[in-house]
>>> print(open('my_file_32.txt').read())   # compact mmCIF, C-alpha atoms
# COMPACT_ATOMS: atom_id res chain seq x y z
CA MET J 241 0.00 0.00 0.00
CA SER J 242 1.34 3.40 -0.87
CA ASP J 243 2.08 6.05 1.72
CA GLU J 244 -0.70 8.17 0.17
CA SER J 245 -3.28 5.39 0.58
CA SER J 246 -2.08 4.79 4.11
CA ALA J 247 -2.40 8.49 4.95
CA ALA J 248 -5.97 8.59 3.60
CA ILE J 249 -7.00 5.57 5.68
CA SER J 250 -5.25 6.98 8.73
CA ALA J 251 -7.09 10.30 8.41
CA VAL J 252 -10.47 8.53 8.34
CA ARG J 253 -9.62 6.32 11.33
CA ARG J 254 -7.87 8.98 13.45
CA ASP J 255 -11.04 10.20 15.16
CA TRP J 256 -12.19 6.65 15.88
CA VAL J 257 -8.81 5.68 17.36
CA THR J 258 -8.68 8.84 19.49
CA GLU J 259 -12.21 8.25 20.78
CA HIS J 260 -11.37 4.61 21.50
CA ARG J 261 -8.25 5.51 23.47
CA GLU J 262 -10.02 8.24 25.44
CA SER J 263 -12.93 5.93 26.31
CA TYR J 264 -10.52 3.20 27.43
CA LEU J 265 -8.56 5.65 29.59
CA ARG J 266 -11.53 7.53 31.08
CA SER J 267 -13.24 4.31 32.14
CA GLY J 268 -10.11 2.78 33.69
CA GLY J 269 -10.37 -0.05 31.16
CA VAL J 270 -14.01 -0.95 31.77
CA GLU J 271 -14.78 0.28 28.23
CA GLY J 272 -12.61 -0.19 25.15
CA HIS J 273 -11.15 -3.62 25.90
CA ILE J 274 -13.71 -5.53 23.83
CA MET J 275 -15.15 -3.71 20.84
CA ASP J 276 -17.15 -4.42 17.73
CA ILE J 277 -14.85 -3.39 14.88
CA THR J 278 -16.78 -4.95 12.00
CA ALA J 279 -17.11 -1.45 10.47
CA VAL J 280 -13.34 -1.44 9.83
CA GLY J 281 -13.10 -5.08 8.73
CA GLY J 282 -12.60 -6.63 12.15
CA CYS J 283 -14.56 -8.94 14.40
CA SER J 284 -17.62 -8.17 16.49
CA PHE J 285 -15.80 -9.26 19.66
CA ALA J 286 -12.28 -7.88 19.17
CA SER J 287 -9.85 -7.54 22.08
CA HIS J 288 -7.79 -4.37 22.54
CA CYS J 289 -4.98 -3.35 24.84
CA LEU J 290 -3.31 -0.04 25.52
CA VAL J 291 0.44 0.25 25.06
CA LYS J 292 2.38 3.04 26.79
CA TYR J 293 5.87 3.98 25.60
CA LYS J 294 8.33 6.86 25.21
CA GLY J 295 8.90 8.67 21.93
CA ARG J 296 12.37 7.96 20.57
CA LYS J 297 12.85 11.57 19.44
CA SER J 298 10.56 13.62 21.69
CA GLY J 299 10.86 11.69 24.94
CA LYS J 300 7.11 12.22 25.37
CA THR J 301 4.84 9.46 26.61
CA PHE J 302 2.32 7.99 24.18
CA ILE J 303 -0.56 5.59 24.72
CA THR J 304 -1.87 3.65 21.74
CA PRO J 305 -4.83 1.23 21.59
CA LEU J 306 -4.09 -1.93 19.60
CA CYS J 307 -5.75 -5.25 18.85
CA TYR J 308 -4.06 -8.08 20.68
CA ALA J 309 -4.06 -11.83 21.10
CA ASP J 310 -2.81 -13.89 24.04
CA ILE J 311 -0.62 -16.85 23.20
CA GLY J 312 1.16 -18.89 25.84
CA GLY J 313 0.81 -16.13 28.44
CA GLU J 314 2.27 -13.45 26.19
CA VAL J 315 0.32 -10.57 24.68
CA VAL J 316 0.87 -10.25 20.92
CA ILE J 317 0.41 -7.02 18.96
CA CYS J 318 1.13 -6.33 15.29
CA GLY J 319 2.78 -3.32 13.63
CA SER J 320 0.48 -3.23 10.62
CA LYS J 321 -0.35 0.45 10.11
CA GLY J 322 -3.21 -0.86 7.98
CA GLY J 323 -0.81 -2.38 5.46
CA ALA J 324 1.26 0.76 4.87
CA ASP J 325 4.72 0.38 3.36
CA HIS J 326 6.38 1.70 6.52
CA HIS J 327 6.22 0.75 10.17
CA PRO J 328 3.93 2.61 12.57
CA ASP J 329 5.57 5.15 14.86
CA TRP J 330 4.56 3.22 17.97
CA TYR J 331 6.53 0.20 16.78
CA LEU J 332 9.64 2.27 15.98
CA ASN J 333 9.42 3.81 19.45
CA ILE J 334 9.03 0.45 21.17
CA ILE J 335 12.06 -1.09 19.47
CA SER J 336 14.10 1.96 20.49
CA ASN J 337 13.42 1.33 24.17
CA LYS J 338 13.58 -1.77 26.33
CA ASP J 339 10.78 -0.54 28.60
CA ILE J 340 7.12 -1.14 27.85
CA GLU J 341 3.89 -0.86 29.77
CA PHE J 342 0.56 -2.25 28.67
CA GLN J 343 -2.98 -2.40 29.93
CA ILE J 344 -5.58 -5.09 29.31
CA ALA J 345 -9.05 -4.07 30.46
CA THR J 346 -8.69 -2.96 34.09
CA GLN J 347 -5.18 -4.33 34.68
CA ALA J 348 -1.91 -2.65 33.71
CA PHE J 349 1.60 -4.06 33.72
CA ARG J 350 5.22 -3.14 33.34
CA GLY J 351 6.71 -5.77 31.11
CA THR J 352 9.25 -7.07 28.70
CA TRP J 353 8.85 -7.47 24.97
CA ARG J 354 10.40 -9.47 22.18
CA GLU J 355 9.86 -10.26 18.51
CA PRO J 356 9.34 -13.91 17.56
CA GLU J 357 11.47 -15.30 14.73
CA GLY J 358 11.46 -18.23 12.34
CA ALA J 359 9.05 -21.07 13.00
CA GLU J 360 7.83 -19.44 16.20
CA ARG J 361 6.91 -16.29 14.27
CA ASP J 362 5.01 -18.37 11.72
CA LYS J 363 3.06 -20.06 14.51
CA VAL J 364 2.31 -16.76 16.29
CA TRP J 365 1.30 -15.09 13.00
CA ALA J 366 -1.13 -17.93 12.17
CA PHE J 367 -2.66 -17.62 15.63
CA PHE J 368 -2.86 -13.82 15.42
CA ILE J 369 -4.65 -13.78 12.07
CA ASP J 370 -7.00 -16.48 13.32
CA CYS J 371 -7.97 -14.03 16.09
CA HIS J 372 -7.92 -10.94 13.83
CA PRO J 373 -8.33 -12.08 10.17
CA PHE J 374 -8.17 -8.58 8.68
CA TYR J 375 -4.43 -8.44 9.45
CA ALA J 376 -3.90 -10.95 6.62
CA THR J 377 -5.33 -8.31 4.26
CA TYR J 378 -2.94 -5.74 5.73
CA GLN J 379 -0.01 -8.10 5.08
CA GLU J 380 -1.13 -8.60 1.47
CA ALA J 381 -1.16 -4.81 0.97
CA THR J 382 2.57 -4.36 1.62
CA SER J 383 5.89 -5.98 0.79
CA ARG J 384 7.25 -5.45 4.32
CA VAL J 385 6.80 -8.20 6.88
CA LEU J 386 4.41 -6.93 9.53
CA PRO J 387 6.27 -7.08 12.84
CA LEU J 388 4.86 -8.97 15.79
CA VAL J 389 5.66 -7.84 19.32
CA MET J 390 5.17 -10.24 22.22
CA MET J 391 4.81 -8.63 25.63
CA GLN J 392 5.03 -10.40 28.97
CA ALA J 393 3.89 -8.92 32.28
CA VAL J 394 6.60 -8.49 34.91
CA GLU J 395 4.73 -6.53 37.56
CA PRO J 396 1.33 -4.89 38.00
CA ILE J 397 1.14 -1.10 37.88
CA PRO J 398 -1.74 1.41 38.21
CA VAL J 399 -4.08 1.62 35.21
CA PHE J 400 -3.28 4.35 32.73
CA LYS J 401 -4.85 7.80 32.91
CA GLU J 402 -5.35 10.42 30.22
CA SER J 403 -2.80 12.62 31.97
CA ASP J 404 -0.12 9.91 31.53
CA ALA J 405 0.17 10.73 27.82
CA THR J 406 2.26 13.83 27.16
CA GLY J 407 2.28 13.36 23.37
CA VAL J 408 -0.46 13.24 20.76
CA ARG J 409 -1.66 9.95 19.32
CA GLN J 410 0.72 8.20 16.97
CA SER J 411 -0.16 5.86 14.14
>>> encode(input="my_file_32.txt", output="structure tokens")
Amino acid sequence: MSDESSAAISAVRRDWVTEHRESYLRSGGVEGHIMDITAVGGCSFASHCLVKYKGRKSGKTFITPLCYADIGGEVVICGSKGGADHHPDWYLNIISNKDIEFQIATQAFRGTWREPEGAERDKVWAFFIDCHPFYATYQEATSRVLPLVMMQAVEPIPVFKESDATGVRQS
């Protein structure tokens, strides 16, 4: 998918993503964890987490809502950017920093992350697209391999608040 196509899709979805994140944060995770995303090609019972990270250039804190799957006790997210030809900013920021925090519903965690490789990646990808089939369409739209990030909880932390984010939403 071209950068122009990606930008057009991003512009349409920006309000929805912002509203989703704000609802998740305002409710302490009661709302926003499970959502019907059939309108954007997803499932009627899609699971979402929040990921909190530092900007690699700005040093600001960002919080991004993402679809996730749980495999073997690890939370898996995908750097799809809707099939754009370049990685999403959140992914570039995560790989620039060893620290990550994530929230699932009403529980937040400080954790570790890693990227699966080889046969493990193939297995995780198959599981992820079984949970969220529209990601297969995103992969078909680009020549880059969509990165998978596997997060594991290390310790519980307080749920995220709107005031935790010092930066604007990133795609």
>>> closest_residue(input="my_file_32.txt", among="J:Leu332, J:Ile369, J:Val389, J:Cys307", to="Asp276 in chain J", atoms="all atoms listed in the file")
J:Cys307
>>> residues_around(input="my_file_32.txt", residues="Ser403 in chain J", least_positions_apart="2", cutoff="12 Å", atoms="only C-alpha atoms", output="ChimeraX atom specification")
/J:262,265-266,300-303,399-401,405-408
>>> write_last_selection(input="my_file_32.txt", atoms="C-alpha atoms", output="short mmCIF file (atom, residue, chain, number, x, y, z; two decimals), in the coordinates of the input")
data_model
loop_
_atom_site.label_atom_id
_atom_site.label_comp_id
_atom_site.auth_asym_id
_atom_site.auth_seq_id
_atom_site.Cartn_x
_atom_site.Cartn_y
_atom_site.Cartn_z
CA GLU J 262 -10.02 8.24 25.44
CA LEU J 265 -8.56 5.65 29.59
CA ARG J 266 -11.53 7.53 31.08
CA LYS J 300 7.11 12.22 25.37
CA THR J 301 4.84 9.46 26.61
CA PHE J 302 2.32 7.99 24.18
CA ILE J 303 -0.56 5.59 24.72
CA VAL J 399 -4.08 1.62 35.21
CA PHE J 400 -3.28 4.35 32.73
CA LYS J 401 -4.85 7.80 32.91
CA ALA J 405 0.17 10.73 27.82
CA THR J 406 2.26 13.83 27.16
CA GLY J 407 2.28 13.36 23.37
CA VAL J 408 -0.46 13.24 20.76
#
>>> closest_residue(input="my_file_32.txt", among="J:Ala345, J:Ile334, J:Asp255, J:Gln392", to="Val270 in chain J", atoms="all atoms listed in the file")
J:Ala345
>>> residues_near_point(input="my_file_32.txt", point="(-0.4, -8.7, 24.5)", cutoff="10 Å", atoms="only C-alpha atoms", output="list in words")
Ser287, His288, Cys289, Leu290, Val291, Leu306, Cys307, Tyr308, Ala309, Asp310, Ile311, Gly313, Glu314, Val315, Val316, Ile317, Cys318, Phe342, Gln343, Ile344, Trp353, Val389, Met390, Met391, Gln392 and Ala393 of chain J
>>> closest_residue(input="my_file_32.txt", among="J:Ser336, J:Gly358, J:Ser284, J:Val257", to="Gly299 in chain J", atoms="only C-alpha atoms")
J:Ser336
>>> closest_residue(input="my_file_32.txt", among="J:Arg354, J:His273, J:Lys294, J:Lys321", to="Leu386 in chain J", atoms="all atoms listed in the file")
J:Lys321
>>> atom_distance(input="my_file_32.txt", atom1="CA of Lys338 in chain J", atom2="CA of Pro398 in chain J")
19.6 Å
>>> closest_residue(input="my_file_32.txt", among="J:Val394, J:Gly351, J:Glu402, J:Gly323", to="Thr377 in chain J", atoms="only C-alpha atoms")
J:Gly323
>>> atom_distance(input="my_file_32.txt", atom1="CA of Thr382 in chain J", atom2="CA of Ile274 in chain J")
27.6 Å
>>> decode(input="my_file_32.txt", residues="range 325-367 of chain J", atoms="N, CA and C atoms", output="PDB file, in the first residue's frame")
ATOM      1  N   ASP J 325       3.378   0.841   3.727  1.00  0.00           N
ATOM      2  CA  ASP J 325       4.715   0.383   3.355  1.00  0.00           C
ATOM      3  C   ASP J 325       5.792   0.739   4.371  1.00  0.00           C
ATOM      4  N   HIS J 326       5.414   1.367   5.476  1.00  0.00           N
ATOM      5  CA  HIS J 326       6.379   1.697   6.523  1.00  0.00           C
ATOM      6  C   HIS J 326       5.776   1.366   7.890  1.00  0.00           C
ATOM      7  N   HIS J 327       6.656   1.136   8.831  1.00  0.00           N
ATOM      8  CA  HIS J 327       6.224   0.751  10.171  1.00  0.00           C
ATOM      9  C   HIS J 327       5.502   1.896  10.883  1.00  0.00           C
ATOM     10  N   PRO J 328       4.576   1.560  11.773  1.00  0.00           N
ATOM     11  CA  PRO J 328       3.928   2.607  12.574  1.00  0.00           C
ATOM     12  C   PRO J 328       4.924   3.210  13.574  1.00  0.00           C
ATOM     13  N   ASP J 329       4.685   4.467  13.913  1.00  0.00           N
ATOM     14  CA  ASP J 329       5.566   5.154  14.858  1.00  0.00           C
ATOM     15  C   ASP J 329       5.646   4.420  16.190  1.00  0.00           C
ATOM     16  N   TRP J 330       4.522   3.897  16.673  1.00  0.00           N
ATOM     17  CA  TRP J 330       4.555   3.223  17.973  1.00  0.00           C
ATOM     18  C   TRP J 330       5.550   2.072  17.961  1.00  0.00           C
ATOM     19  N   TYR J 331       5.609   1.326  16.870  1.00  0.00           N
ATOM     20  CA  TYR J 331       6.535   0.204  16.777  1.00  0.00           C
ATOM     21  C   TYR J 331       7.983   0.700  16.791  1.00  0.00           C
ATOM     22  N   LEU J 332       8.283   1.726  16.012  1.00  0.00           N
ATOM     23  CA  LEU J 332       9.637   2.270  15.978  1.00  0.00           C
ATOM     24  C   LEU J 332      10.054   2.776  17.351  1.00  0.00           C
ATOM     25  N   ASN J 333       9.114   3.343  18.089  1.00  0.00           N
ATOM     26  CA  ASN J 333       9.419   3.807  19.446  1.00  0.00           C
ATOM     27  C   ASN J 333       9.647   2.642  20.399  1.00  0.00           C
ATOM     28  N   ILE J 334       8.857   1.601  20.278  1.00  0.00           N
ATOM     29  CA  ILE J 334       9.030   0.445  21.165  1.00  0.00           C
ATOM     30  C   ILE J 334      10.388  -0.203  20.950  1.00  0.00           C
ATOM     31  N   ILE J 335      10.788  -0.407  19.695  1.00  0.00           N
ATOM     32  CA  ILE J 335      12.064  -1.095  19.466  1.00  0.00           C
ATOM     33  C   ILE J 335      13.267  -0.227  19.823  1.00  0.00           C
ATOM     34  N   SER J 336      13.025   1.058  20.069  1.00  0.00           N
ATOM     35  CA  SER J 336      14.096   1.958  20.489  1.00  0.00           C
ATOM     36  C   SER J 336      14.259   2.000  22.002  1.00  0.00           C
ATOM     37  N   ASN J 337      13.431   1.263  22.718  1.00  0.00           N
ATOM     38  CA  ASN J 337      13.419   1.333  24.170  1.00  0.00           C
ATOM     39  C   ASN J 337      13.118  -0.045  24.737  1.00  0.00           C
ATOM     40  N   LYS J 338      13.827  -0.449  25.738  1.00  0.00           N
ATOM     41  CA  LYS J 338      13.578  -1.766  26.326  1.00  0.00           C
ATOM     42  C   LYS J 338      12.354  -1.786  27.229  1.00  0.00           C
ATOM     43  N   ASP J 339      11.909  -0.614  27.686  1.00  0.00           N
ATOM     44  CA  ASP J 339      10.781  -0.541  28.604  1.00  0.00           C
ATOM     45  C   ASP J 339       9.463  -0.505  27.857  1.00  0.00           C
ATOM     46  N   ILE J 340       8.466  -1.194  28.413  1.00  0.00           N
ATOM     47  CA  ILE J 340       7.124  -1.143  27.853  1.00  0.00           C
ATOM     48  C   ILE J 340       6.124  -1.335  28.988  1.00  0.00           C
ATOM     49  N   GLU J 341       5.005  -0.677  28.844  1.00  0.00           N
ATOM     50  CA  GLU J 341       3.893  -0.864  29.769  1.00  0.00           C
ATOM     51  C   GLU J 341       2.659  -1.104  28.927  1.00  0.00           C
ATOM     52  N   PHE J 342       1.784  -1.972  29.409  1.00  0.00           N
ATOM     53  CA  PHE J 342       0.560  -2.246  28.671  1.00  0.00           C
ATOM     54  C   PHE J 342      -0.591  -2.492  29.633  1.00  0.00           C
ATOM     55  N   GLN J 343      -1.776  -2.234  29.138  1.00  0.00           N
ATOM     56  CA  GLN J 343      -2.981  -2.402  29.931  1.00  0.00           C
ATOM     57  C   GLN J 343      -3.965  -3.275  29.160  1.00  0.00           C
ATOM     58  N   ILE J 344      -4.529  -4.244  29.858  1.00  0.00           N
ATOM     59  CA  ILE J 344      -5.579  -5.091  29.305  1.00  0.00           C
ATOM     60  C   ILE J 344      -6.780  -4.944  30.228  1.00  0.00           C
ATOM     61  N   ALA J 345      -7.840  -4.365  29.676  1.00  0.00           N
ATOM     62  CA  ALA J 345      -9.049  -4.072  30.457  1.00  0.00           C
ATOM     63  C   ALA J 345      -8.666  -3.236  31.676  1.00  0.00           C
ATOM     64  N   THR J 346      -8.923  -3.735  32.868  1.00  0.00           N
ATOM     65  CA  THR J 346      -8.688  -2.957  34.089  1.00  0.00           C
ATOM     66  C   THR J 346      -7.386  -3.324  34.801  1.00  0.00           C
ATOM     67  N   GLN J 347      -6.460  -3.963  34.087  1.00  0.00           N
ATOM     68  CA  GLN J 347      -5.178  -4.329  34.676  1.00  0.00           C
ATOM     69  C   GLN J 347      -4.046  -3.811  33.797  1.00  0.00           C
ATOM     70  N   ALA J 348      -3.066  -3.170  34.428  1.00  0.00           N
ATOM     71  CA  ALA J 348      -1.909  -2.649  33.706  1.00  0.00           C
ATOM     72  C   ALA J 348      -0.637  -3.292  34.246  1.00  0.00           C
ATOM     73  N   PHE J 349       0.369  -3.355  33.379  1.00  0.00           N
ATOM     74  CA  PHE J 349       1.604  -4.057  33.719  1.00  0.00           C
ATOM     75  C   PHE J 349       2.825  -3.343  33.160  1.00  0.00           C
ATOM     76  N   ARG J 350       3.910  -3.439  33.890  1.00  0.00           N
ATOM     77  CA  ARG J 350       5.225  -3.136  33.341  1.00  0.00           C
ATOM     78  C   ARG J 350       5.708  -4.488  32.833  1.00  0.00           C
ATOM     79  N   GLY J 351       6.340  -4.483  31.662  1.00  0.00           N
ATOM     80  CA  GLY J 351       6.710  -5.773  31.106  1.00  0.00           C
ATOM     81  C   GLY J 351       7.937  -5.751  30.235  1.00  0.00           C
ATOM     82  N   THR J 352       8.188  -6.898  29.674  1.00  0.00           N
ATOM     83  CA  THR J 352       9.253  -7.069  28.703  1.00  0.00           C
ATOM     84  C   THR J 352       8.603  -7.339  27.351  1.00  0.00           C
ATOM     85  N   TRP J 353       9.366  -7.171  26.298  1.00  0.00           N
ATOM     86  CA  TRP J 353       8.849  -7.473  24.965  1.00  0.00           C
ATOM     87  C   TRP J 353       9.942  -8.148  24.149  1.00  0.00           C
ATOM     88  N   ARG J 354       9.484  -8.832  23.112  1.00  0.00           N
ATOM     89  CA  ARG J 354      10.404  -9.473  22.179  1.00  0.00           C
ATOM     90  C   ARG J 354       9.685  -9.664  20.850  1.00  0.00           C
ATOM     91  N   GLU J 355      10.444  -9.965  19.816  1.00  0.00           N
ATOM     92  CA  GLU J 355       9.864 -10.260  18.513  1.00  0.00           C
ATOM     93  C   GLU J 355      10.147 -11.726  18.185  1.00  0.00           C
ATOM     94  N   PRO J 356       9.114 -12.501  17.904  1.00  0.00           N
ATOM     95  CA  PRO J 356       9.339 -13.910  17.558  1.00  0.00           C
ATOM     96  C   PRO J 356      10.011 -14.019  16.187  1.00  0.00           C
ATOM     97  N   GLU J 357      10.754 -15.089  15.998  1.00  0.00           N
ATOM     98  CA  GLU J 357      11.466 -15.298  14.735  1.00  0.00           C
ATOM     99  C   GLU J 357      11.243 -16.715  14.227  1.00  0.00           C
ATOM    100  N   GLY J 358      11.483 -16.894  12.948  1.00  0.00           N
ATOM    101  CA  GLY J 358      11.459 -18.226  12.341  1.00  0.00           C
ATOM    102  C   GLY J 358      10.134 -18.949  12.502  1.00  0.00           C
ATOM    103  N   ALA J 359      10.239 -20.222  12.865  1.00  0.00           N
ATOM    104  CA  ALA J 359       9.050 -21.073  13.003  1.00  0.00           C
ATOM    105  C   ALA J 359       8.115 -20.550  14.089  1.00  0.00           C
ATOM    106  N   GLU J 360       8.685 -19.989  15.156  1.00  0.00           N
ATOM    107  CA  GLU J 360       7.826 -19.438  16.201  1.00  0.00           C
ATOM    108  C   GLU J 360       7.013 -18.271  15.643  1.00  0.00           C
ATOM    109  N   ARG J 361       7.639 -17.420  14.847  1.00  0.00           N
ATOM    110  CA  ARG J 361       6.907 -16.293  14.269  1.00  0.00           C
ATOM    111  C   ARG J 361       5.773 -16.793  13.379  1.00  0.00           C
ATOM    112  N   ASP J 362       6.051 -17.801  12.581  1.00  0.00           N
ATOM    113  CA  ASP J 362       5.014 -18.366  11.715  1.00  0.00           C
ATOM    114  C   ASP J 362       3.828 -18.861  12.531  1.00  0.00           C
ATOM    115  N   LYS J 363       4.109 -19.533  13.635  1.00  0.00           N
ATOM    116  CA  LYS J 363       3.057 -20.056  14.512  1.00  0.00           C
ATOM    117  C   LYS J 363       2.268 -18.910  15.149  1.00  0.00           C
ATOM    118  N   VAL J 364       2.966 -17.903  15.641  1.00  0.00           N
ATOM    119  CA  VAL J 364       2.314 -16.762  16.290  1.00  0.00           C
ATOM    120  C   VAL J 364       1.487 -15.991  15.256  1.00  0.00           C
ATOM    121  N   TRP J 365       2.034 -15.797  14.050  1.00  0.00           N
ATOM    122  CA  TRP J 365       1.299 -15.086  12.998  1.00  0.00           C
ATOM    123  C   TRP J 365       0.007 -15.823  12.660  1.00  0.00           C
ATOM    124  N   ALA J 366       0.072 -17.135  12.487  1.00  0.00           N
ATOM    125  CA  ALA J 366      -1.130 -17.929  12.169  1.00  0.00           C
ATOM    126  C   ALA J 366      -2.174 -17.771  13.272  1.00  0.00           C
ATOM    127  N   PHE J 367      -1.738 -17.798  14.516  1.00  0.00           N
ATOM    128  CA  PHE J 367      -2.665 -17.622  15.633  1.00  0.00           C
ATOM    129  C   PHE J 367      -3.256 -16.220  15.623  1.00  0.00           C
TER     130      PHE J 367
END
